[in-house]
file run.txt (compact mmCIF, C-alpha atoms and all ligand atoms)
# COMPACT_ATOMS: atom_id res chain seq x y z
CA MET A 1 -4.18 -10.12 -19.30
CA GLU A 2 -7.92 -10.71 -19.33
CA VAL A 3 -8.86 -7.12 -19.78
CA GLU A 4 -10.19 -7.05 -23.35
CA GLY A 5 -13.94 -7.64 -23.20
CA PHE A 6 -13.79 -7.56 -19.41
CA VAL A 7 -17.37 -7.86 -18.15
CA MET A 8 -18.31 -7.23 -14.54
CA SER A 9 -20.33 -10.00 -12.95
CA ASP A 10 -21.38 -10.27 -9.30
CA LYS A 11 -19.18 -8.63 -6.70
CA LEU A 12 -16.29 -10.69 -5.34
CA LYS A 13 -16.64 -11.67 -1.69
CA VAL A 14 -13.86 -10.27 0.43
CA GLY A 15 -12.66 -10.79 3.99
CA ILE A 16 -10.55 -8.31 5.97
CA ILE A 17 -8.00 -9.86 8.32
CA GLY A 18 -6.96 -7.29 10.94
CA ALA A 19 -10.22 -5.43 10.32
CA THR A 20 -10.33 -3.63 13.68
CA GLY A 21 -6.99 -1.77 13.39
CA MET A 22 -6.35 1.58 11.74
CA VAL A 23 -5.61 0.13 8.30
CA GLY A 24 -8.46 -2.38 8.65
CA GLN A 25 -10.83 0.50 9.37
CA ARG A 26 -9.60 2.32 6.25
CA PHE A 27 -10.26 -0.87 4.22
CA ILE A 28 -13.79 -0.92 5.57
CA LYS A 29 -14.38 2.72 4.65
CA ILE A 30 -13.13 2.16 1.10
CA LEU A 31 -14.90 -1.17 0.55
CA ALA A 32 -18.23 -0.21 2.16
CA ASP A 33 -19.42 0.98 -1.23
CA HIS A 34 -17.06 -0.64 -3.72
CA PRO A 35 -18.34 -1.51 -7.21
CA TRP A 36 -16.38 -4.81 -7.50
CA PHE A 37 -15.88 -6.08 -3.94
CA GLU A 38 -18.31 -6.86 -1.10
CA ILE A 39 -17.19 -7.30 2.53
CA VAL A 40 -18.55 -10.63 3.82
CA ALA A 41 -16.12 -11.37 6.67
CA VAL A 42 -14.18 -9.30 9.21
CA ALA A 43 -11.53 -10.94 11.37
CA ALA A 44 -9.10 -9.90 14.09
CA SER A 45 -7.53 -11.34 17.25
CA ALA A 46 -9.29 -13.75 19.60
CA HIS A 47 -9.81 -10.71 21.85
CA SER A 48 -12.20 -9.13 19.31
CA ALA A 49 -13.73 -12.37 17.97
CA GLY A 50 -17.40 -12.94 18.83
CA LYS A 51 -18.18 -9.22 19.22
CA THR A 52 -20.07 -7.28 16.59
CA TYR A 53 -17.73 -5.06 14.58
CA ALA A 54 -19.26 -1.95 16.21
CA GLN A 55 -18.60 -3.41 19.68
CA ALA A 56 -15.06 -4.47 18.75
CA VAL A 57 -14.06 -0.95 17.66
CA ASP A 58 -16.08 0.88 20.30
CA GLY A 59 -13.87 3.69 21.65
CA ARG A 60 -11.14 3.01 19.04
CA TRP A 61 -12.79 3.92 15.71
CA LYS A 62 -10.10 6.26 14.39
CA LEU A 63 -11.53 7.55 11.13
CA GLU A 64 -13.79 10.41 10.20
CA GLY A 65 -17.53 9.60 10.46
CA THR A 66 -19.05 6.54 12.09
CA VAL A 67 -18.69 2.78 11.51
CA PRO A 68 -20.26 1.94 8.13
CA ASP A 69 -23.63 0.13 8.38
CA VAL A 70 -22.48 -2.76 6.17
CA VAL A 71 -20.16 -4.04 8.90
CA SER A 72 -21.45 -2.63 12.17
CA ASP A 73 -23.53 -5.74 13.04
CA MET A 74 -21.17 -8.24 11.41
CA VAL A 75 -19.65 -10.62 13.98
CA VAL A 76 -15.84 -10.39 14.10
CA GLN A 77 -14.20 -13.77 13.49
CA ASP A 78 -10.90 -15.11 14.79
CA ALA A 79 -8.32 -14.62 12.03
CA ALA A 80 -6.67 -17.89 13.08
CA GLN A 81 -9.74 -19.84 11.87
CA VAL A 82 -8.36 -19.90 8.36
CA ASP A 83 -10.47 -22.69 6.79
CA LYS A 84 -13.70 -21.25 8.18
CA ILE A 85 -13.03 -17.76 6.83
CA ALA A 86 -11.63 -19.08 3.53
CA SER A 87 -14.90 -20.95 2.92
CA GLN A 88 -16.81 -17.63 3.00
CA VAL A 89 -14.66 -15.45 0.73
CA ASP A 90 -13.09 -15.18 -2.75
CA PHE A 91 -10.02 -13.37 -1.39
CA VAL A 92 -8.79 -11.47 1.68
CA PHE A 93 -7.03 -8.23 2.50
CA SER A 94 -4.50 -8.55 5.31
CA ALA A 95 -3.98 -5.62 7.70
CA ILE A 96 -2.83 -7.76 10.56
CA SER A 97 -0.24 -6.73 13.10
CA LEU A 98 1.70 -9.81 14.23
CA ASP A 99 5.41 -10.55 14.25
CA LYS A 100 6.84 -11.20 10.81
CA ALA A 101 7.18 -14.99 11.04
CA ASP A 102 3.61 -15.42 12.30
CA THR A 103 2.30 -13.02 9.63
CA ARG A 104 4.11 -14.91 6.87
CA ALA A 105 2.73 -18.22 8.16
CA LEU A 106 -0.84 -16.92 8.48
CA GLU A 107 -0.87 -15.30 5.03
CA GLU A 108 0.54 -18.49 3.46
CA ALA A 109 -2.09 -20.54 5.28
CA TYR A 110 -4.81 -18.43 3.61
CA ALA A 111 -3.13 -18.70 0.20
CA LYS A 112 -2.95 -22.49 0.58
CA THR A 113 -6.74 -22.63 1.01
CA GLU A 114 -6.84 -21.20 -2.56
CA THR A 115 -7.67 -17.76 -1.17
CA PRO A 116 -5.63 -14.92 -2.69
CA VAL A 117 -4.17 -12.53 -0.08
CA VAL A 118 -3.50 -8.85 -0.79
CA SER A 119 -1.44 -7.62 2.14
CA ASN A 120 -0.46 -4.35 3.76
CA ASN A 121 1.98 -6.09 6.00
CA SER A 122 5.71 -5.93 5.33
CA ALA A 123 6.38 -9.60 6.24
CA HIS A 124 6.32 -10.96 2.66
CA ARG A 125 7.77 -7.94 0.82
CA TRP A 126 11.13 -9.64 0.36
CA THR A 127 9.81 -13.10 -0.40
CA PRO A 128 11.35 -13.38 -3.89
CA ASP A 129 8.24 -14.72 -5.67
CA VAL A 130 5.77 -12.33 -3.97
CA PRO A 131 5.03 -9.28 -6.13
CA MET A 132 5.25 -5.91 -4.34
CA VAL A 133 3.04 -3.73 -6.47
CA ILE A 134 2.29 -0.08 -7.09
CA PRO A 135 -0.18 -0.70 -9.93
CA GLU A 136 0.85 2.40 -11.91
CA ILE A 137 4.53 1.41 -11.80
CA ASN A 138 5.08 -2.36 -11.92
CA PRO A 139 1.82 -4.15 -12.89
CA GLU A 140 3.83 -6.73 -14.86
CA HIS A 141 5.36 -8.09 -11.63
CA THR A 142 2.18 -10.12 -11.12
CA ASP A 143 3.69 -12.49 -13.74
CA VAL A 144 5.70 -13.94 -10.83
CA ILE A 145 2.50 -15.33 -9.29
CA LYS A 146 2.70 -18.43 -11.50
CA TYR A 147 6.02 -19.34 -9.86
CA GLN A 148 4.69 -18.62 -6.38
CA ARG A 149 1.71 -20.87 -7.05
CA GLU A 150 4.11 -23.64 -8.10
CA ARG A 151 5.97 -23.27 -4.79
CA LEU A 152 2.79 -23.15 -2.71
CA GLY A 153 1.13 -25.95 -4.67
CA THR A 154 -1.96 -23.83 -5.34
CA LYS A 155 -4.13 -23.20 -8.39
CA ARG A 156 -5.61 -19.83 -7.43
CA GLY A 157 -4.14 -18.98 -4.00
CA PHE A 158 -1.19 -16.55 -3.79
CA ILE A 159 0.06 -13.52 -1.86
CA ALA A 160 0.61 -10.03 -3.30
CA VAL A 161 1.75 -7.07 -1.21
CA LYS A 162 1.80 -3.31 -1.48
CA PRO A 163 4.97 -1.49 -0.43
CA ASN A 164 5.77 0.75 2.51
CA CYS A 165 3.85 4.03 2.71
CA SER A 166 6.73 6.51 2.92
CA ILE A 167 8.36 5.45 -0.37
CA GLN A 168 5.20 6.52 -2.19
CA SER A 169 6.07 10.18 -1.75
CA TYR A 170 9.23 9.92 -3.92
CA THR A 171 9.17 6.58 -5.80
CA PRO A 172 6.41 7.66 -8.25
CA ALA A 173 8.46 10.69 -9.40
CA LEU A 174 11.64 8.64 -9.71
CA SER A 175 9.66 6.05 -11.69
CA ALA A 176 8.40 8.72 -14.07
CA TRP A 177 12.07 9.67 -14.55
CA ARG A 178 13.49 6.15 -15.18
CA GLN A 179 14.30 7.18 -18.75
CA PHE A 180 16.82 9.70 -17.33
CA GLU A 181 18.45 6.95 -15.23
CA PRO A 182 18.46 8.09 -11.59
CA THR A 183 21.75 6.92 -10.06
CA GLN A 184 21.86 8.39 -6.55
CA VAL A 185 19.01 9.53 -4.32
CA ILE A 186 18.74 11.06 -0.86
CA ALA A 187 15.22 10.94 0.57
CA THR A 188 14.34 12.45 3.95
CA THR A 189 10.80 11.61 4.99
CA TYR A 190 8.48 13.47 7.35
CA GLN A 191 5.91 10.89 8.37
CA ALA A 192 2.43 11.26 9.83
CA ILE A 193 1.48 9.65 13.13
CA SER A 194 -1.30 7.59 11.51
CA GLY A 195 1.55 5.60 9.93
CA ALA A 196 2.12 4.22 13.42
CA GLY A 197 -1.61 3.49 13.74
CA LYS A 198 -2.03 6.51 16.06
CA THR A 199 -4.08 9.68 16.42
CA PHE A 200 -3.12 12.69 18.58
CA LYS A 201 -5.55 11.36 21.22
CA ASP A 202 -3.54 8.12 21.43
CA TRP A 203 -0.17 9.86 21.21
CA PRO A 204 -0.31 13.33 22.85
CA GLU A 205 3.51 13.37 23.17
CA MET A 206 3.68 13.94 19.39
CA GLU A 207 2.04 17.38 19.62
CA GLY A 208 4.75 19.96 18.93
CA ASN A 209 7.32 17.19 18.63
CA VAL A 210 9.58 15.50 16.07
CA ILE A 211 11.05 12.03 16.67
CA PRO A 212 14.08 11.22 14.50
CA TYR A 213 13.57 7.45 14.42
CA ILE A 214 10.98 5.04 12.99
CA ALA A 215 12.04 1.44 13.50
CA GLY A 216 12.98 -0.32 10.26
CA GLU A 217 11.73 2.54 8.08
CA GLU A 218 15.04 3.71 6.60
CA GLU A 219 15.94 0.20 5.43
CA LYS A 220 12.52 -0.12 3.75
CA SER A 221 12.80 3.35 2.20
CA GLU A 222 16.18 2.49 0.68
CA ARG A 223 15.41 -1.06 -0.52
CA GLU A 224 11.77 -1.31 -1.53
CA PRO A 225 11.94 0.94 -4.62
CA LEU A 226 14.67 -1.33 -5.99
CA LYS A 227 12.35 -4.35 -5.96
CA ILE A 228 9.61 -2.26 -7.59
CA TRP A 229 12.03 -1.31 -10.40
CA GLY A 230 13.21 -4.91 -10.74
CA HIS A 231 12.12 -7.56 -13.22
CA VAL A 232 10.60 -11.04 -13.19
CA ASP A 233 13.34 -13.55 -13.86
CA ALA A 234 12.22 -16.90 -15.32
CA ASP A 235 15.46 -18.71 -14.37
CA THR A 236 15.23 -17.95 -10.66
CA LYS A 237 11.39 -17.77 -10.70
CA SER A 238 11.62 -14.56 -8.71
CA ILE A 239 11.74 -10.78 -8.93
CA VAL A 240 15.32 -9.55 -9.29
CA PRO A 241 15.74 -6.04 -7.83
CA ASP A 242 17.18 -3.19 -9.88
CA GLU A 243 20.81 -2.30 -9.13
CA GLY A 244 21.13 0.97 -11.03
CA THR A 245 20.03 3.35 -8.25
CA VAL A 246 21.42 3.82 -4.73
CA ILE A 247 19.06 5.37 -2.19
CA THR A 248 19.95 6.67 1.26
CA SER A 249 17.30 7.99 3.62
CA GLN A 250 16.41 9.42 7.01
CA CYS A 251 12.86 9.01 8.33
CA LEU A 252 11.36 11.38 10.90
CA ARG A 253 8.02 11.23 12.71
CA VAL A 254 6.32 14.65 12.64
CA PRO A 255 3.14 16.05 14.23
CA VAL A 256 0.86 15.49 11.23
CA LEU A 257 -2.19 13.18 11.21
CA TYR A 258 -2.22 12.06 7.55
CA GLY A 259 0.39 12.60 4.84
CA HIS A 260 4.00 11.55 4.39
CA THR A 261 6.29 14.21 2.85
CA ALA A 262 9.73 13.52 1.34
CA ALA A 263 12.52 16.03 0.63
CA THR A 264 14.50 14.34 -2.11
CA PHE A 265 17.77 14.92 -3.98
CA VAL A 266 18.62 13.03 -7.16
CA ASN A 267 21.50 12.55 -9.60
CA PHE A 268 20.85 11.26 -13.13
CA ALA A 269 23.11 9.49 -15.63
CA LYS A 270 21.37 11.50 -18.36
CA ASN A 271 20.87 15.23 -18.22
CA PRO A 272 17.17 16.16 -18.27
CA THR A 273 15.91 19.73 -18.39
CA LYS A 274 13.41 20.98 -15.82
CA GLN A 275 10.67 21.01 -18.44
CA GLU A 276 11.44 17.41 -19.44
CA LEU A 277 11.19 16.36 -15.79
CA ILE A 278 7.87 18.17 -15.29
CA ASP A 279 6.45 16.79 -18.55
CA ALA A 280 7.43 13.27 -17.50
CA LEU A 281 5.60 13.70 -14.17
CA GLU A 282 2.45 15.16 -15.67
CA SER A 283 2.14 12.64 -18.48
CA TYR A 284 2.91 9.59 -16.34
CA GLU A 285 0.10 7.06 -16.31
CA GLY A 286 -0.14 3.32 -15.99
CA GLU A 287 -2.42 0.29 -16.23
CA PRO A 288 -4.90 1.59 -13.60
CA GLN A 289 -5.60 4.69 -15.71
CA ARG A 290 -5.73 2.71 -18.98
CA LEU A 291 -8.04 0.08 -17.45
CA GLY A 292 -10.15 2.64 -15.57
CA LEU A 293 -9.80 0.75 -12.28
CA PRO A 294 -12.34 2.05 -9.72
CA SER A 295 -9.69 3.38 -7.30
CA ALA A 296 -7.33 4.76 -9.93
CA PRO A 297 -6.68 8.49 -9.77
CA LYS A 298 -7.28 10.20 -13.11
CA GLN A 299 -3.93 11.90 -12.64
CA PHE A 300 -1.37 9.83 -10.73
CA ILE A 301 1.16 12.66 -10.24
CA GLN A 302 0.49 16.40 -10.15
CA TYR A 303 3.29 18.96 -10.38
CA MET A 304 2.68 22.10 -8.31
CA THR A 305 4.40 25.34 -9.35
CA GLU A 306 3.75 27.41 -6.20
CA ASP A 307 6.81 27.75 -3.91
CA ASP A 308 4.85 26.68 -0.83
CA ARG A 309 3.26 23.50 -2.24
CA PRO A 310 2.64 20.63 -1.80
CA GLN A 311 1.31 21.22 1.69
CA VAL A 312 -0.16 18.47 3.84
CA ARG A 313 -3.30 20.39 4.75
CA LEU A 314 -4.05 21.53 1.21
CA ASP A 315 -2.83 18.65 -0.93
CA VAL A 316 -2.90 15.33 0.92
CA ASN A 317 -6.36 14.44 -0.42
CA PHE A 318 -5.44 15.07 -4.07
CA GLU A 319 -7.37 12.52 -6.17
CA ASN A 320 -9.09 11.14 -3.07
CA GLY A 321 -5.73 10.46 -1.44
CA MET A 322 -4.63 8.24 -4.37
CA GLY A 323 -2.64 10.88 -6.28
CA VAL A 324 0.88 12.05 -5.48
CA SER A 325 1.88 15.75 -5.36
CA ILE A 326 5.33 16.97 -6.35
CA GLY A 327 6.71 20.50 -6.09
CA ARG A 328 9.81 22.66 -5.54
CA LEU A 329 11.75 20.99 -8.36
CA ARG A 330 14.97 22.92 -8.71
CA GLU A 331 18.65 22.49 -9.50
CA ASP A 332 20.96 21.72 -6.59
CA LYS A 333 24.57 22.67 -5.77
CA ILE A 334 25.65 19.13 -4.94
CA PHE A 335 23.06 16.90 -6.62
CA ASP A 336 21.52 17.47 -10.05
CA TRP A 337 17.96 18.16 -8.86
CA LYS A 338 15.90 18.35 -5.67
CA PHE A 339 12.15 18.22 -5.08
CA VAL A 340 9.46 17.68 -2.43
CA GLY A 341 6.82 14.92 -2.68
CA LEU A 342 3.65 14.24 -0.69
CA SER A 343 1.37 11.21 -0.55
CA HIS A 344 -1.49 10.07 1.67
CA ASN A 345 -0.08 7.33 3.90
CA THR A 346 -3.28 5.44 4.70
CA ALA A 347 -4.99 5.93 1.29
CA ARG A 348 -2.34 5.58 -1.48
CA GLY A 349 0.19 4.32 1.11
CA ALA A 350 -1.89 1.59 2.73
CA ALA A 351 -5.49 0.42 2.25
CA GLY A 352 -6.16 2.46 -0.93
CA GLY A 353 -3.01 1.14 -2.59
CA ALA A 354 -3.93 -2.42 -1.62
CA VAL A 355 -7.47 -2.06 -2.97
CA GLU A 356 -6.13 -0.68 -6.26
CA CYS A 357 -3.73 -3.65 -6.35
CA ALA A 358 -6.64 -6.08 -5.88
CA GLU A 359 -8.55 -4.32 -8.67
CA LEU A 360 -5.53 -4.79 -10.95
CA LEU A 361 -5.31 -8.48 -9.98
CA LYS A 362 -9.00 -8.93 -10.77
CA ALA A 363 -8.65 -7.16 -14.10
CA GLN A 364 -5.65 -9.37 -14.91
CA GLY A 365 -7.63 -12.52 -14.03
CA TYR A 366 -5.64 -13.49 -10.92
CA ILE A 367 -8.50 -12.94 -8.47
CA THR A 368 -11.75 -14.58 -9.51
CA SER A 369 -14.93 -15.87 -7.89
CA LYS A 370 -14.42 -19.28 -6.26
CA ASN A 371 -17.75 -20.28 -7.83
CA ALA A 372 -16.71 -19.36 -11.38
N1 LIG B 1 -1.05 2.54 9.79
C1 LIG B 1 -0.55 2.71 8.57
O1 LIG B 1 -0.64 3.77 7.94
C2 LIG B 1 0.14 1.59 7.88
C3 LIG B 1 0.19 0.31 8.44
N2 LIG B 1 0.75 -0.70 7.73
C4 LIG B 1 0.82 -2.06 8.23
O2 LIG B 1 -0.51 -2.60 8.26
C5 LIG B 1 -0.65 -3.47 9.38
C6 LIG B 1 -1.75 -2.97 10.29
O3 LIG B 1 -1.42 -1.68 10.77
P1 LIG B 1 -2.41 -0.89 11.75
O4 LIG B 1 -3.81 -1.00 11.25
O5 LIG B 1 -1.82 0.44 11.94
O6 LIG B 1 -2.29 -1.78 13.12
P2 LIG B 1 -3.26 -1.84 14.35
O7 LIG B 1 -2.44 -2.22 15.52
O8 LIG B 1 -4.11 -0.62 14.43
O9 LIG B 1 -4.24 -3.11 14.01
C7 LIG B 1 -3.79 -4.42 14.03
C8 LIG B 1 -4.86 -5.42 13.63
O10 LIG B 1 -4.29 -6.73 13.74
C9 LIG B 1 -5.12 -7.51 14.62
N3 LIG B 1 -4.32 -8.44 15.41
C10 LIG B 1 -3.38 -8.14 16.33
N4 LIG B 1 -2.90 -9.29 16.87
C11 LIG B 1 -3.58 -10.30 16.29
C12 LIG B 1 -3.56 -11.72 16.42
N5 LIG B 1 -2.75 -12.32 17.31
N6 LIG B 1 -4.38 -12.46 15.66
C13 LIG B 1 -5.21 -11.86 14.79
N7 LIG B 1 -5.30 -10.53 14.61
C14 LIG B 1 -4.48 -9.76 15.36
C15 LIG B 1 -5.80 -6.49 15.52
O11 LIG B 1 -6.95 -7.10 16.09
P3 LIG B 1 -7.50 -6.68 17.57
O12 LIG B 1 -8.17 -5.36 17.40
O13 LIG B 1 -8.43 -7.79 17.90
O14 LIG B 1 -6.30 -6.62 18.48
C16 LIG B 1 -6.11 -5.40 14.52
O15 LIG B 1 -7.23 -5.75 13.76
C17 LIG B 1 0.72 -3.50 10.04
O16 LIG B 1 1.45 -4.57 9.51
C18 LIG B 1 1.35 -2.19 9.66
O17 LIG B 1 2.74 -2.28 9.70
C19 LIG B 1 1.23 -0.48 6.47
C20 LIG B 1 1.22 0.75 5.90
C21 LIG B 1 0.73 1.89 6.60
N1 LIG B 2 6.17 2.44 9.24
C1 LIG B 2 5.18 3.28 8.58
C2 LIG B 2 3.88 2.55 8.47
C3 LIG B 2 4.05 1.09 8.22
O1 LIG B 2 3.40 0.33 8.88
O2 LIG B 2 4.94 0.76 7.30
P1 LIG B 2 5.09 -0.72 6.70
O3 LIG B 2 3.92 -0.93 5.81
O4 LIG B 2 6.35 -0.73 5.98
O5 LIG B 2 5.06 -1.68 7.88
C4 LIG B 2 5.00 4.54 9.40
O6 LIG B 2 5.14 4.41 10.58
O7 LIG B 2 4.69 5.59 8.88

call {"tool": "encode", "arguments": {"input": "run.txt", "output": "structure tokens", "more": "lines below"}}
Ligand SMILES: NC(=O)C1=CN([C@@H]2O[C@H](COP(=O)(O)OP(=O)(O)OC[C@H]3O[C@@H](n4cnc5c(N)ncnc54)[C@H](OP(=O)(O)O)[C@@H]3O)[C@@H](O)[C@H]2O)C=CC1
Ligand SMILES: N[C@@H](CC(=O)OP(=O)(O)O)C(=O)O
result
Amino acid sequence: MEVEGFVMSDKLKVGIIGATGMVGQRFIKILADHPWFEIVAVAASAHSAGKTYAQAVDGRWKLEGTVPDVVSDMVVQDAAQVDKIASQVDFVFSAISLDKADTRALEEAYAKTETPVVSNNSAHRWTPDVPMVIPEINPEHTDVIKYQRERLGTKRGFIAVKPNCSIQSYTPALSAWRQFEPTQVIATTYQAISGAGKTFKDWPEMEGNVIPYIAGEEEKSEREPLKIWGHVDADTKSIVPDEGTVITSQCLRVPVLYGHTAATFVNFAKNPTKQELIDALESYEGEPQRLGLPSAPKQFIQYMTEDDRPQVRLDVNFENGMGVSIGRLREDKIFDWKFVGLSHNTARGAAGGAVECAELLKAQGYITSKNA
């Protein structure tokens, strides 16, 4: 780790691939005024290329406020022009929406130009030497990057990903409770429409509606935490997932704009008291807090004692959308404990989580200026 004596120099130059979509827009909002990173390139499909950013998102800017000045006159580039974009940037964020094989190929093409890629996309989450990082939980997984670089034949290029958004409403609590050895988990998620890149204007059928299916989501919800709790294995040069916890889930789309909620049941091998569980949540902190990363929430997890919290409307923006709210922890008749968790799906769950991941990678010395 290159954190001791860490001195900030000039801002790193960053490109956003998939900049015109909902997650790309969130990246732009977060990075418009970031202390470490400066947006120098925005890229999307050939359809948007050649337009100014403001023209490209005209009529489909989905966030609060207007298009930030820093990008509004920037000309959108074609994401397929990898060498051209790589020559302008120190690293890229990927928020692209392509099929998985094409996404994997495009992200690897960027990495092979010695351009680190921090991705929102799920395509590389199960590539064994790609770290899938929630910086508070598994910052040490970036150790696998040395093996990935060997495979790619790169010196500085690599890919790191952040996990699925819905798992972030229950995985942080279960991570705080690893010492009590969670063995079985049921997680039912209630997911906001922005997770599908939509607003109510785009998707009026969601008003007053619940849809009991989100393609691929239950598989991700059950598997991704296991990789996050896994370890870097030097023999296989990969991350070996944890096998101690079994998760089963159901994922529902609900008429909420931002905020994924999870109703969760858990059995433990050990026998914690309620106070021990609450103390573990409230005292849980990780590298982002210790390093003071710019996007790090001061408090990663808050425990709410009121019976009717956490609520989406009241609590989704806790710690600027980067904190996780837990409540209704109580004993269960069938499982040991049950609780409700809430996280912001496009802040902590998407662009915000990826930006915090890039901050960690910079602090660890994995992302540097190409001119250094
Ligand atoms: N929405 C969310 O909360 C979350 C989304 N994600 C993931 O993040 C990614 C982006 O999601 P989201 O922003 O909602 O998606 P959108 O559909 O809103 O945006 C997709 C982006 O990809 C670009 N794109 C599409 N096709 C191509 C192509 N052939 N070549 C280059 N660029 C292309 C689009 O450019 P153009 O405008 O020119 O078409 C646009 O910039 C997805 O992988 C999604 O699964 C992950 C977590 C949460
Ligand atoms: N599927 C999530 C959003 C998403 O894109 O997830 P992933 O990052 O796993 O592709 C949702 O609809 O709420």

call {"tool": "closest_atom_pairs", "arguments": {"input": "run.txt", "of": "chain A", "to": "ligand LIG 1 (chain B)", "cutoff": "6 Å", "atoms": "only C-alpha atoms and all ligand atoms", "output": "CSV"}}
result
residue,atom,partner,partner_atom,distance
A:Gly18,CA,B:LIG1,O15,3.2
A:Ala19,CA,B:LIG1,O15,4.6
A:Thr20,CA,B:LIG1,O15,3.8
A:Gly21,CA,B:LIG1,O9,3.1
A:Met22,CA,B:LIG1,O4,3.7
A:Val23,CA,B:LIG1,O4,3.6
A:Gly24,CA,B:LIG1,O4,5.5
A:Ala44,CA,B:LIG1,N7,3.9
A:Ser45,CA,B:LIG1,C13,3.4
A:His47,CA,B:LIG1,O13,5.1
A:Ser48,CA,B:LIG1,O13,4.2
A:Ala79,CA,B:LIG1,C13,5.0
A:Ala95,CA,B:LIG1,C5,4.3
A:Ile96,CA,B:LIG1,O10,3.6
A:Ser97,CA,B:LIG1,O10,4.1
A:Leu98,CA,B:LIG1,N4,5.3
A:Asn120,CA,B:LIG1,O2,4.8
A:Asn121,CA,B:LIG1,O16,3.9
A:Asn164,CA,B:LIG1,C20,5.7
A:Cys165,CA,B:LIG1,C20,5.3
A:Ser194,CA,B:LIG1,O1,5.3
A:Gly195,CA,B:LIG1,O1,3.5
A:Ala196,CA,B:LIG1,N1,5.1
A:Gly197,CA,B:LIG1,O5,3.5
A:Asn345,CA,B:LIG1,O1,5.4
A:Thr346,CA,B:LIG1,O1,4.5
A:Ala350,CA,B:LIG1,C20,4.5

call {"tool": "closest_atom_pairs", "arguments": {"input": "run.txt", "of": "chain A", "to": "ligand LIG 2 (chain B)", "cutoff": "10 Å", "atoms": "all atoms listed in the file", "output": "CSV"}}
result
residue,atom,partner,partner_atom,distance
A:Val23,CA,B:LIG2,O1,9.0
A:Ala95,CA,B:LIG2,O3,9.4
A:Ser97,CA,B:LIG2,O5,9.0
A:Ser119,CA,B:LIG2,O3,9.3
A:Asn120,CA,B:LIG2,O3,5.9
A:Asn121,CA,B:LIG2,O3,5.5
A:Ser122,CA,B:LIG2,O5,5.0
A:Ala123,CA,B:LIG2,O5,8.2
A:Arg125,CA,B:LIG2,O4,9.0
A:Val161,CA,B:LIG2,O3,9.6
A:Lys162,CA,B:LIG2,O3,8.0
A:Pro163,CA,B:LIG2,O3,6.4
A:Asn164,CA,B:LIG2,O4,3.8
A:Cys165,CA,B:LIG2,O2,5.7
A:Ser166,CA,B:LIG2,O7,6.4
A:Ile167,CA,B:LIG2,O4,9.1
A:Thr189,CA,B:LIG2,O7,9.4
A:Tyr190,CA,B:LIG2,O7,8.9
A:Gln191,CA,B:LIG2,O7,5.5
A:Ala192,CA,B:LIG2,O7,6.2
A:Ile193,CA,B:LIG2,O7,6.7
A:Ser194,CA,B:LIG2,O7,6.8
A:Gly195,CA,B:LIG2,O7,3.3
A:Ala196,CA,B:LIG2,O6,4.1
A:Gly197,CA,B:LIG2,O6,7.5
A:Lys198,CA,B:LIG2,O6,9.3
A:Tyr213,CA,B:LIG2,O6,9.7
A:Ile214,CA,B:LIG2,O6,6.3
A:Ala215,CA,B:LIG2,N1,7.3
A:Gly216,CA,B:LIG2,N1,7.4
A:Glu217,CA,B:LIG2,N1,5.7
A:Glu218,CA,B:LIG2,N1,9.3
A:Glu219,CA,B:LIG2,O4,9.7
A:Lys220,CA,B:LIG2,O4,6.6
A:Ser221,CA,B:LIG2,O4,8.5
A:Glu224,CA,B:LIG2,O4,9.3
A:Cys251,CA,B:LIG2,O7,8.9
A:Leu252,CA,B:LIG2,O7,9.1
A:Arg253,CA,B:LIG2,O7,7.6
A:Val254,CA,B:LIG2,O7,9.9
A:Tyr258,CA,B:LIG2,O7,9.6
A:Gly259,CA,B:LIG2,O7,9.2
A:His260,CA,B:LIG2,O7,7.5
A:Asn345,CA,B:LIG2,O7,7.1
A:Thr346,CA,B:LIG2,C2,8.6
A:Gly349,CA,B:LIG2,O3,8.0
A:Ala350,CA,B:LIG2,O3,7.0

call {"tool": "atom_distance", "arguments": {"input": "run.txt", "atom1": "CA of Pro204 in chain A", "atom2": "CA of Leu257 in chain A"}}
result
11.8 Å

call {"tool": "closest_residue", "arguments": {"input": "run.txt", "among": "A:Asn317, A:Gly157, A:Gln250, A:His34", "to": "Pro294 in chain A", "atoms": "all atoms listed in the file"}}
result
A:His34

call {"tool": "closest_residue", "arguments": {"input": "run.txt", "among": "A:Ala347, A:Val185, A:Asn209, A:Ala280", "to": "Ile326 in chain A", "atoms": "only C-alpha atoms"}}
result
A:Ala280

call {"tool": "closest_atom_pairs", "arguments": {"input": "run.txt", "of": "range 152-213 of chain A", "to": "range 138-143 of chain A", "cutoff": "12 Å", "atoms": "only C-alpha atoms", "output": "CSV"}}
result
residue,atom,partner,partner_atom,distance
A:Phe158,CA,A:Thr142,CA,10.3
A:Ile159,CA,A:Thr142,CA,10.1
A:Ala160,CA,A:Thr142,CA,8.0
A:Val161,CA,A:Thr142,CA,10.4
A:Lys162,CA,A:Asn138,CA,11.0
A:Pro163,CA,A:Asn138,CA,11.5
A:Thr171,CA,A:Asn138,CA,11.6
A:Pro172,CA,A:Asn138,CA,10.8
A:Ser175,CA,A:Asn138,CA,9.6
A:Ala176,CA,A:Asn138,CA,11.8

call {"tool": "closest_residue", "arguments": {"input": "run.txt", "among": "A:Asn320, A:Thr52, A:Ser72, A:Asn371", "to": "Ile30 in chain A", "atoms": "only C-alpha atoms"}}
result
A:Asn320

call {"tool": "atom_distance", "arguments": {"input": "run.txt", "atom1": "CA of Lys84 in chain A", "atom2": "CA of Glu114 in chain A"}}
result
12.7 Å
